[in-house]
Amino acid sequence: MKITVRQGEIQKARDEALVVNFFFSGSASVKLSGATAAVDKALGGALRRVLNSGDFRGEKNRLVLLYPEGHFPAKRVLLMGLGKQADFDLEVARQVAGTAARKLQNLGVTSASTVLHGAGAGGLDVEVAAQALAEGSMLSCYRFDEYRSGDNNKSTLQQLTVIEHDKRRLAPLRRGIRCGSQIATGVCLARDLCNHPGNTATPSYLATRARGIARRTGLRCRILDEAAMRKLGMGALLGVSAGSAEPARFIVLEHGIVAGKTRRRPLVFVGKGVTFDSGGISIKSSGGMGDMKFDMCGAAAVIGAMQAVAEIGVSQPVVGIVPATENLLDGKSVKPGDVLKTMSGKTIEIDNTDAEGRLILADALTYAQRYKPAGIVDLATLTGACVVALGEHASGLMSNDDDLVAKVEAAAAVTAEKVWRLPMWPEYREQIKSPVADMKNTGGRNGGAITAAALLAEFVGSTPWVHLDIAGTAWTSKTRPYIPRGGVGVGVRLLVELARRWGSRKT
């Protein structure tokens, strides 16, 4: 979708559809203002008649579609409900933009014009509201049809024009649209990577895509093969990959680092990249195993975020690290009872081969220390225990640093990607004690999300670190205003917001 900005009057736009909005009104006396009032006047009071009927009051994410008659220049008018004015915020702006765009796309509309939601009575900054509009519109219209034969002729909303009357608002509006479009493109990239099946999105495929993104955006890309990993002593990652015919890949993307140097200590993002997880010798049940192509959603988020960070030109140096492998089983697979030596030199006893994500992250977090980072954020579809604890509504957050937690929570509040902090008390570390190694890779069923994080904490030292368990939020079977079913791309917008705020010293 291409989103452009034009100065003008919305009621005069000749397009397939126009989108205007209305805040919820419980009063029988309807008052219209701004662009909505102008469109209503041009329609001879049609919008007011709809509102006076009582069938539609402007409830959030509800809409009314009108087909004008006579000499009105647009073929359709979509009246979008914004909900109660007191409840309006950035997330509502995203949702209503997404709801409107999806409705238009489902109608077969390919080009539409819209007002900017929330920058007037909604009280949002113009640039911020524009970013929200771009994100909501583009993300709601996302489709993944690559593997459908004969089903690729569905119309798509190709052009959205934001019409603004006030010339003074055009520059910030364009900045917001540009930024929101770049972020949404990063999210859509992550969704694509998640939605591809495991026989396409192999570790080598992720590496190839990362290399292509780096060439296009100016990122520096380094790909380590298994020989390089062995030389570095990445025994945990190689232990997981041993059962697969697909070779593991270790992907590093750098932004804002020249010749290994930077004025600022970088942020490092680490994403779990298990491109298919059978569970290994501790094999999963067959029900739902097909969803295990989504076990690389952390990796997808990091790759998508790094693309957006580069395209936006974030001033903060950022490094993205993705350990990528399959977790399959054959005669070479790691077994329960085996002991693996990590890149750090610490050893891990394998209690369950289906607890593999923390193994590959152990080596990735150790590698991250090379950058002397200001902070590390890792994302991983790590534990079913986190889904049991928080459901599909929030990602679990565990950390060794309150200040970094506050920064991540602030970014999450802006992007509406909910996180919830879980404790990291010493008692949880006791659960992963091993009689034969430095630790074991599971601590039993109780507190499973936290004991997994307790293992990861062993590999970050004193570096500020946040672990996000996205097992419940990474994919969905339910369509929401700007989130279709499948891979969500969760974490991309959060990571980009964190990097932007860090670079601007707002944190």
# chains A, B, ... in the order shown; residues from 1 in each chain; ligands from 1

call {"tool": "select_by_dssp", "arguments": {"residues": "region 16-51 of chain A", "states": "strand (DSSP E)", "output": "list in words"}}
result
Leu18, Val19, Val20, Asn21 and Phe22 of chain A

call {"tool": "closest_atom_pairs", "arguments": {"of": "region 373-481 of chain A", "to": "region 121-134 of chain A", "cutoff": "12 Å", "atoms": "only C-alpha atoms", "output": "Markdown table"}}
result
| residue | atom | partner | partner_atom | distance |
| --- | --- | --- | --- | --- |
| A:Val414 | CA | A:Val128 | CA | 10.2 |
| A:Thr415 | CA | A:Ala132 | CA | 9.2 |
| A:Ala416 | CA | A:Ala132 | CA | 11.2 |

call {"tool": "closest_atom_pairs", "arguments": {"of": "region 160-275 of chain A", "to": "region 330-348 of chain A", "cutoff": "12 Å", "atoms": "only C-alpha atoms", "output": "CSV"}}
result
residue,atom,partner,partner_atom,distance
A:Ala228,CA,A:Met343,CA,11.9
A:Met229,CA,A:Met343,CA,8.9
A:Arg230,CA,A:Met343,CA,9.1
A:Lys231,CA,A:Met343,CA,9.6
A:Leu232,CA,A:Met343,CA,6.4
A:Gly233,CA,A:Met343,CA,4.6
A:Met234,CA,A:Met343,CA,4.5
A:Gly235,CA,A:Thr342,CA,4.9
A:Ala236,CA,A:Thr342,CA,5.1
A:Leu237,CA,A:Thr342,CA,8.0
A:Leu238,CA,A:Leu340,CA,9.2
A:Gly239,CA,A:Val334,CA,5.9
A:Val240,CA,A:Val334,CA,6.6
A:Ser241,CA,A:Ser333,CA,7.8
A:Ala242,CA,A:Ser333,CA,5.3
A:Gly243,CA,A:Ser333,CA,4.0
A:Ser244,CA,A:Asp330,CA,7.5
A:Ala245,CA,A:Asp330,CA,9.4

call {"tool": "write_last_selection", "arguments": {"atoms": "all heavy atoms", "output": "compact mmCIF listing (two decimals), in the first residue's frame"}}
result
# COMPACT_ATOMS: atom_id res chain seq x y z
N ALA A 228 32.40 -21.96 11.67
CA ALA A 228 32.74 -20.76 12.44
C ALA A 228 32.18 -20.85 13.86
O ALA A 228 32.82 -20.45 14.83
CB ALA A 228 32.21 -19.52 11.74
N MET A 229 30.99 -21.40 13.98
CA MET A 229 30.40 -21.59 15.32
C MET A 229 31.23 -22.56 16.15
O MET A 229 31.44 -22.35 17.36
CB MET A 229 28.97 -22.12 15.19
CG MET A 229 27.98 -21.17 14.56
SD MET A 229 26.36 -21.96 14.48
CE MET A 229 25.84 -21.46 12.84
N ARG A 230 31.67 -23.61 15.50
CA ARG A 230 32.50 -24.61 16.22
C ARG A 230 33.79 -23.98 16.70
O ARG A 230 34.26 -24.23 17.82
CB ARG A 230 32.76 -25.79 15.28
CG ARG A 230 33.28 -27.04 15.97
CD ARG A 230 33.20 -28.26 15.07
NE ARG A 230 31.81 -28.66 14.84
CZ ARG A 230 31.17 -28.53 13.67
NH1 ARG A 230 31.78 -28.00 12.63
NH2 ARG A 230 29.93 -28.93 13.55
N LYS A 231 34.38 -23.12 15.87
CA LYS A 231 35.61 -22.45 16.24
C LYS A 231 35.40 -21.54 17.45
O LYS A 231 36.29 -21.39 18.29
CB LYS A 231 36.13 -21.65 15.04
CG LYS A 231 37.53 -21.08 15.23
CD LYS A 231 38.01 -20.44 13.93
CE LYS A 231 39.42 -19.88 14.11
NZ LYS A 231 39.93 -19.27 12.84
N LEU A 232 34.21 -20.95 17.54
CA LEU A 232 33.88 -20.07 18.67
C LEU A 232 33.43 -20.83 19.91
O LEU A 232 33.26 -20.24 20.97
CB LEU A 232 32.79 -19.08 18.26
CG LEU A 232 33.19 -17.99 17.26
CD1 LEU A 232 31.96 -17.22 16.78
CD2 LEU A 232 34.20 -17.03 17.88
N GLY A 233 33.21 -22.11 19.74
CA GLY A 233 32.80 -22.93 20.88
C GLY A 233 31.32 -22.88 21.18
O GLY A 233 30.91 -23.08 22.34
N MET A 234 30.49 -22.65 20.17
CA MET A 234 29.04 -22.59 20.38
C MET A 234 28.44 -23.99 20.46
O MET A 234 27.63 -24.41 19.62
CB MET A 234 28.38 -21.78 19.25
CG MET A 234 28.75 -20.31 19.24
SD MET A 234 27.83 -19.42 17.94
CE MET A 234 28.33 -17.74 18.25
N GLY A 235 28.80 -24.70 21.51
CA GLY A 235 28.37 -26.09 21.64
C GLY A 235 26.89 -26.26 21.90
O GLY A 235 26.30 -27.30 21.54
N ALA A 236 26.25 -25.27 22.50
CA ALA A 236 24.81 -25.38 22.77
C ALA A 236 24.01 -25.27 21.48
O ALA A 236 23.12 -26.08 21.21
CB ALA A 236 24.39 -24.31 23.77
N LEU A 237 24.32 -24.28 20.67
CA LEU A 237 23.63 -24.11 19.39
C LEU A 237 23.89 -25.30 18.47
O LEU A 237 22.98 -25.85 17.85
CB LEU A 237 24.10 -22.81 18.72
CG LEU A 237 23.62 -22.52 17.30
CD1 LEU A 237 22.11 -22.62 17.17
CD2 LEU A 237 24.09 -21.13 16.87
N LEU A 238 25.13 -25.74 18.39
CA LEU A 238 25.46 -26.88 17.55
C LEU A 238 24.84 -28.18 18.06
O LEU A 238 24.50 -29.06 17.28
CB LEU A 238 26.98 -27.02 17.43
CG LEU A 238 27.68 -25.90 16.66
CD1 LEU A 238 29.19 -26.00 16.80
CD2 LEU A 238 27.29 -25.94 15.18
N GLY A 239 24.67 -28.27 19.37
CA GLY A 239 24.02 -29.44 19.92
C GLY A 239 22.58 -29.55 19.47
O GLY A 239 22.08 -30.63 19.13
N VAL A 240 21.88 -28.42 19.41
CA VAL A 240 20.49 -28.42 18.94
C VAL A 240 20.43 -28.75 17.46
O VAL A 240 19.56 -29.50 17.01
CB VAL A 240 19.82 -27.06 19.23
CG1 VAL A 240 18.42 -27.02 18.63
CG2 VAL A 240 19.76 -26.80 20.73
N SER A 241 21.33 -28.21 16.68
CA SER A 241 21.28 -28.39 15.22
C SER A 241 21.75 -29.77 14.77
O SER A 241 21.54 -30.14 13.62
CB SER A 241 22.14 -27.33 14.52
OG SER A 241 23.52 -27.57 14.72
N ALA A 242 22.36 -30.53 15.67
CA ALA A 242 22.99 -31.80 15.28
C ALA A 242 22.00 -32.79 14.66
O ALA A 242 22.39 -33.60 13.82
CB ALA A 242 23.66 -32.45 16.50
N GLY A 243 20.72 -32.73 15.04
CA GLY A 243 19.75 -33.69 14.51
C GLY A 243 19.14 -33.30 13.20
O GLY A 243 18.28 -34.03 12.68
N SER A 244 19.53 -32.18 12.62
CA SER A 244 18.91 -31.69 11.39
C SER A 244 19.87 -31.77 10.21
O SER A 244 21.08 -31.55 10.35
CB SER A 244 18.47 -30.24 11.57
OG SER A 244 18.01 -29.70 10.35
N ALA A 245 19.31 -32.07 9.04
CA ALA A 245 20.11 -32.04 7.81
C ALA A 245 20.34 -30.60 7.34
O ALA A 245 21.24 -30.34 6.55
CB ALA A 245 19.41 -32.83 6.70

call {"tool": "closest_residue", "arguments": {"among": "A:Ala119, A:Arg501, A:Ala305, A:Val30", "to": "Arg191 (chain A)", "atoms": "only C-alpha atoms"}}
result
A:Ala305

call {"tool": "closest_residue", "arguments": {"among": "A:Thr200, A:Thr473, A:Thr463, A:Asn61", "to": "Asp403 (chain A)", "atoms": "only C-alpha atoms"}}
result
A:Thr463

call {"tool": "select_by_dssp", "arguments": {"residues": "region 66-235 of chain A", "states": "helix (DSSP H, G or I)", "output": "PyMOL selection string"}}
result
chain A and resi 85-87+90-107+126-140+167-195+203-217+226-232+235
